[in-house]
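Have a look at the structure below before the remarks.
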Amino acid sequence: MNYLELSKEVSYALRHAPWEYELEIDENGWVDTDQLLNALRENVKWAKIEEKDLEYMIKSSEKKRHEIISGKIRALYGHSKLNKIVKEVKEPPEFLFHGTARRYFNSIKEYGLVPKLRQYVHLSVDTETALQVGKRHDNQPILLQINAKEAWFNGFKFYQGNDKVWLADLIPNRYISKL
Ligand code: HQG
């Protein structure tokens, strides 16, 4: 089984198009694993898929994108605008980072970081992860440092995606500096 391909399809289903797979997704993004497995099995490619394949997909991935707890599965971050997923508010570390394209910098300087097509702005715990994220948009990405703790104390909300990824509703430009 191609677990990378499986992970992309599961991300697509859970982040962007649960209705395409007829999934009942709750406000925290959870779906019954059996429901997802049955939907996937309709495609000959995944005809033999079992829960252990989803578990292996999560374990073998270089990023923690999904989690399974007591028969339910969800994507930890990345959801697109429709069906907003409610995340638990959590105090962030002092600094977080964001890697992005050079061409976006002027706009970010003016408007701050906004979620664009996703539900949340995605931030990284370290510069290495942020650079990897930025490389998806630009081969020489820029690195932004976010004064997360200060924003938090001023009332801006943060949420944890996984151990590397944090989420926010928006980050005003005064908390952003270019490294
Ligand atoms: C930019 C992947 C202009 C923002 C990654 C980013 C991550 C602005 C782009 C996760 C802006 C949106 C998310 C503004 C933000 N003006 N541009 N005011 N505000 N932007 O892909 O953070 O592999 O939606 O800088 O690793 O790049 O899929 O977000 O460049 O964790 O699991 O708008 O997705 O994870 O791009 O990436 P994206 P992202 P997976």
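Each chain of the structure tokens is named A, B, ... in the order shown, its residues numbered from 1; ligands are numbered from 1 in display order.
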
Check chain A with DSSP on the backbone and list each residue it calls helix (DSSP H, G or I), as a count of residues only. 68

Can you tell me which residues come within 8 Å of ligand 1 when counting only C-alpha atoms and all ligand atoms, ideally as a PDB file with C-alpha atoms, in the first residue's frame?
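Below is the file that was written, pocket.pdb:
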ATOM      1  CA  SER A  11      -5.875  14.778   4.526  1.00  0.00           C
ATOM      2  CA  LYS A  63       4.755  14.903  10.171  1.00  0.00           C
ATOM      3  CA  LYS A  64       2.028  14.231  12.709  1.00  0.00           C
ATOM      4  CA  ARG A  65      -0.974  15.199  10.554  1.00  0.00           C
ATOM      5  CA  TYR A  77      -4.505  21.108  11.307  1.00  0.00           C
ATOM      6  CA  GLY A  78      -4.821  22.355   7.738  1.00  0.00           C
ATOM      7  CA  HIS A  98       6.458  31.322  10.001  1.00  0.00           C
ATOM      8  CA  GLY A  99       8.207  30.535   6.722  1.00  0.00           C
ATOM      9  CA  THR A 100       6.746  32.108   3.628  1.00  0.00           C
ATOM     10  CA  ALA A 101       7.487  33.380   0.126  1.00  0.00           C
ATOM     11  CA  ARG A 103       6.596  37.769  -2.713  1.00  0.00           C
ATOM     12  CA  TYR A 104       4.123  37.746   0.209  1.00  0.00           C
ATOM     13  CA  PHE A 105       6.238  39.889   2.519  1.00  0.00           C
ATOM     14  CA  ASN A 106       4.913  43.346   1.606  1.00  0.00           C
ATOM     15  CA  SER A 107       1.346  42.257   2.027  1.00  0.00           C
ATOM     16  CA  ILE A 108       2.107  40.511   5.354  1.00  0.00           C
ATOM     17  CA  LYS A 109       3.897  43.672   6.561  1.00  0.00           C
ATOM     18  CA  GLU A 110       0.749  45.607   5.849  1.00  0.00           C
ATOM     19  CA  TYR A 111      -2.057  43.227   6.878  1.00  0.00           C
ATOM     20  CA  GLY A 112      -0.332  40.757   9.206  1.00  0.00           C
ATOM     21  CA  LEU A 113      -0.674  36.990   8.792  1.00  0.00           C
ATOM     22  CA  VAL A 114      -4.162  35.897   7.709  1.00  0.00           C
ATOM     23  CA  PRO A 115      -5.489  32.333   7.211  1.00  0.00           C
ATOM     24  CA  LYS A 116      -6.101  32.707   3.449  1.00  0.00           C
ATOM     25  CA  LEU A 117      -7.907  29.533   2.324  1.00  0.00           C
ATOM     26  CA  ARG A 118      -7.475  27.735   5.646  1.00  0.00           C
ATOM     27  CA  VAL A 121      -2.795  30.816  10.357  1.00  0.00           C
ATOM     28  CA  HIS A 122      -0.168  28.037  10.674  1.00  0.00           C
ATOM     29  CA  LEU A 123       2.935  28.731  12.776  1.00  0.00           C
ATOM     30  CA  SER A 124       5.975  26.562  13.541  1.00  0.00           C
ATOM     31  CA  THR A 129      10.181  23.591  10.442  1.00  0.00           C
ATOM     32  CA  ALA A 130       9.177  27.102   9.360  1.00  0.00           C
ATOM     33  CA  GLN A 132      10.375  23.685   5.324  1.00  0.00           C
ATOM     34  CA  VAL A 133       6.856  25.151   5.254  1.00  0.00           C
ATOM     35  CA  GLY A 134       8.150  28.233   3.408  1.00  0.00           C
ATOM     36  CA  ARG A 136       6.474  24.947  -0.397  1.00  0.00           C
ATOM     37  CA  HIS A 137       5.954  28.514  -1.651  1.00  0.00           C
ATOM     38  CA  VAL A 165       2.540  23.308  14.518  1.00  0.00           C
TER      39      VAL A 165
END

Between A:Ile58, A:Ser7, A:Glu27, A:His66, which has the minimum distance to Leu40 in chain A (counting only C-alpha atoms)? A:Ser7

What lies within 10 Å of Arg74 in chain A using only C-alpha atoms, ignoring chain neighbours under 5 positions off, as a ChimeraX atom specification? /A:10-11,13-15,25-26,28-33,65-69

Could you save those same residues with N, CA, C and O atoms as a short mmCIF file (atom, residue, chain, number, x, y, z; two decimals), in the first residue's frame?
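Output file part-v5.cif follows:
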data_model
loop_
_atom_site.label_atom_id
_atom_site.label_comp_id
_atom_site.auth_asym_id
_atom_site.auth_seq_id
_atom_site.Cartn_x
_atom_site.Cartn_y
_atom_site.Cartn_z
N VAL A 10 -6.46 11.01 2.77
CA VAL A 10 -7.10 11.17 4.07
C VAL A 10 -7.08 12.66 4.48
O VAL A 10 -8.07 13.20 4.98
N SER A 11 -5.95 13.34 4.24
CA SER A 11 -5.88 14.78 4.53
C SER A 11 -6.93 15.53 3.73
O SER A 11 -7.62 16.40 4.26
N ALA A 13 -9.75 14.40 2.52
CA ALA A 13 -11.09 14.09 3.03
C ALA A 13 -11.36 14.82 4.35
O ALA A 13 -12.42 15.43 4.53
N LEU A 14 -10.40 14.78 5.27
CA LEU A 14 -10.66 15.32 6.61
C LEU A 14 -10.46 16.83 6.70
O LEU A 14 -11.07 17.50 7.53
N ARG A 15 -9.58 17.38 5.82
CA ARG A 15 -9.32 18.82 5.90
C ARG A 15 -10.23 19.63 4.99
O ARG A 15 -10.57 20.76 5.29
N ILE A 25 -18.62 14.76 10.31
CA ILE A 25 -17.47 15.28 11.03
C ILE A 25 -17.99 16.14 12.17
O ILE A 25 -18.93 16.92 11.98
N ASP A 26 -17.48 15.97 13.39
CA ASP A 26 -18.00 16.78 14.49
C ASP A 26 -17.23 18.10 14.59
O ASP A 26 -16.31 18.35 13.82
N ASN A 28 -15.05 19.17 16.46
CA ASN A 28 -13.62 19.08 16.74
C ASN A 28 -12.88 18.34 15.63
O ASN A 28 -11.69 18.04 15.76
N GLY A 29 -13.59 18.02 14.55
CA GLY A 29 -12.94 17.43 13.38
C GLY A 29 -12.90 15.91 13.39
O GLY A 29 -12.29 15.30 12.50
N TRP A 30 -13.58 15.27 14.38
CA TRP A 30 -13.52 13.81 14.47
C TRP A 30 -14.52 13.13 13.53
O TRP A 30 -15.64 13.61 13.36
N VAL A 31 -14.09 12.01 12.98
CA VAL A 31 -14.93 11.17 12.12
C VAL A 31 -14.75 9.73 12.60
O VAL A 31 -13.65 9.35 13.01
N ASP A 32 -15.79 8.90 12.56
CA ASP A 32 -15.63 7.48 12.90
C ASP A 32 -14.66 6.84 11.92
O ASP A 32 -14.84 6.97 10.71
N THR A 33 -13.66 6.16 12.46
CA THR A 33 -12.67 5.51 11.58
C THR A 33 -13.37 4.55 10.61
O THR A 33 -13.01 4.48 9.44
N ARG A 65 0.16 14.50 11.18
CA ARG A 65 -0.97 15.20 10.55
C ARG A 65 -2.33 14.75 11.09
O ARG A 65 -3.30 15.48 11.02
N HIS A 66 -2.42 13.50 11.54
CA HIS A 66 -3.71 12.92 11.94
C HIS A 66 -3.55 12.21 13.27
O HIS A 66 -2.44 11.86 13.65
N GLU A 67 -4.67 12.02 13.96
CA GLU A 67 -4.61 11.16 15.15
C GLU A 67 -5.86 10.30 15.22
O GLU A 67 -6.93 10.68 14.72
N ILE A 68 -5.67 9.11 15.83
CA ILE A 68 -6.79 8.19 16.04
C ILE A 68 -6.93 7.99 17.55
O ILE A 68 -5.95 7.68 18.21
N ILE A 69 -8.13 8.23 18.08
CA ILE A 69 -8.39 7.93 19.49
C ILE A 69 -9.76 7.27 19.59
O ILE A 69 -10.73 7.79 19.05
#

Nearest-residue call for Leu96 in chain A, choices A:Phe158, A:Phe153, A:Trp46, A:Trp19, using only C-alpha atoms: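 Closest to Leu96 in chain A, using only C-alpha atoms: A:Phe158.
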
Using only C-alpha atoms, which of A:Leu54, A:Leu179, A:Ile146, A:Ala151 sits nearest Leu4 in chain A?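 Of A:Leu54, A:Leu179, A:Ile146, A:Ala151, the one nearest Leu4 in chain A, counting only C-alpha atoms, is A:Leu54.
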
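Straight-line separation from CA of Leu82 in chain A to CA of Phe156 in chain A: 22.0 Å.
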
With a distance cut-off of 10 Å and only C-alpha atoms, select the neighbouring residues of Glu150 in chain A, excluding the residue or stretch itself and same-chain residues fewer than 3 positions from it, and output the selection as a ChimeraX atom specification. /A:92-95,146-147,153-156,175

Using N, CA and C atoms, can you export the residues from the last selection as an mmCIF file, in the first residue's frame?
data_model
loop_
_atom_site.group_PDB
_atom_site.id
_atom_site.type_symbol
_atom_site.label_atom_id
_atom_site.label_comp_id
_atom_site.auth_asym_id
_atom_site.auth_seq_id
_atom_site.Cartn_x
_atom_site.Cartn_y
_atom_site.Cartn_z
ATOM 1 N N PRO A 92 0.802 29.968 24.096
ATOM 2 C CA PRO A 92 1.905 29.574 23.206
ATOM 3 C C PRO A 92 3.268 29.826 23.845
ATOM 4 N N PRO A 93 4.342 29.284 23.254
ATOM 5 C CA PRO A 93 5.688 29.631 23.709
ATOM 6 C C PRO A 93 5.973 31.109 23.397
ATOM 7 N N GLU A 94 7.063 31.617 23.929
ATOM 8 C CA GLU A 94 7.443 33.023 23.738
ATOM 9 C C GLU A 94 7.446 33.432 22.255
ATOM 10 N N PHE A 95 8.146 32.628 21.451
ATOM 11 C CA PHE A 95 8.230 32.923 20.014
ATOM 12 C C PHE A 95 7.732 31.751 19.185
ATOM 13 N N ILE A 146 7.389 35.436 15.350
ATOM 14 C CA ILE A 146 6.142 35.943 15.915
ATOM 15 C C ILE A 146 6.304 36.080 17.427
ATOM 16 N N ASN A 147 6.021 37.239 17.960
ATOM 17 C CA ASN A 147 6.021 37.465 19.409
ATOM 18 C C ASN A 147 4.737 36.889 19.977
ATOM 19 N N PHE A 153 -0.816 37.688 25.572
ATOM 20 C CA PHE A 153 -1.156 38.539 26.717
ATOM 21 C C PHE A 153 -2.036 39.711 26.306
ATOM 22 N N ASN A 154 -1.990 40.058 25.022
ATOM 23 C CA ASN A 154 -2.869 41.119 24.531
ATOM 24 C C ASN A 154 -4.200 40.582 24.017
ATOM 25 N N GLY A 155 -4.462 39.292 24.269
ATOM 26 C CA GLY A 155 -5.790 38.754 23.991
ATOM 27 C C GLY A 155 -5.950 37.985 22.686
ATOM 28 N N PHE A 156 -4.860 37.786 21.936
ATOM 29 C CA PHE A 156 -4.988 36.995 20.704
ATOM 30 C C PHE A 156 -4.905 35.518 21.055
ATOM 31 N N TYR A 175 3.273 42.145 15.810
ATOM 32 C CA TYR A 175 3.917 41.013 16.505
ATOM 33 C C TYR A 175 4.870 40.240 15.592
#

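For the set A:Leu131, A:Leu37, A:Arg174, A:Gln145, the residue with the smallest atom-to-atom gap to Glu50 in chain A is A:Leu37, counting only C-alpha atoms.
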
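Each of A:Lys135, A:Ile73, A:Leu6, A:Tyr120 was checked against Ile171 in chain A using only C-alpha atoms; the smallest atom-to-atom distance is that of A:Tyr120.
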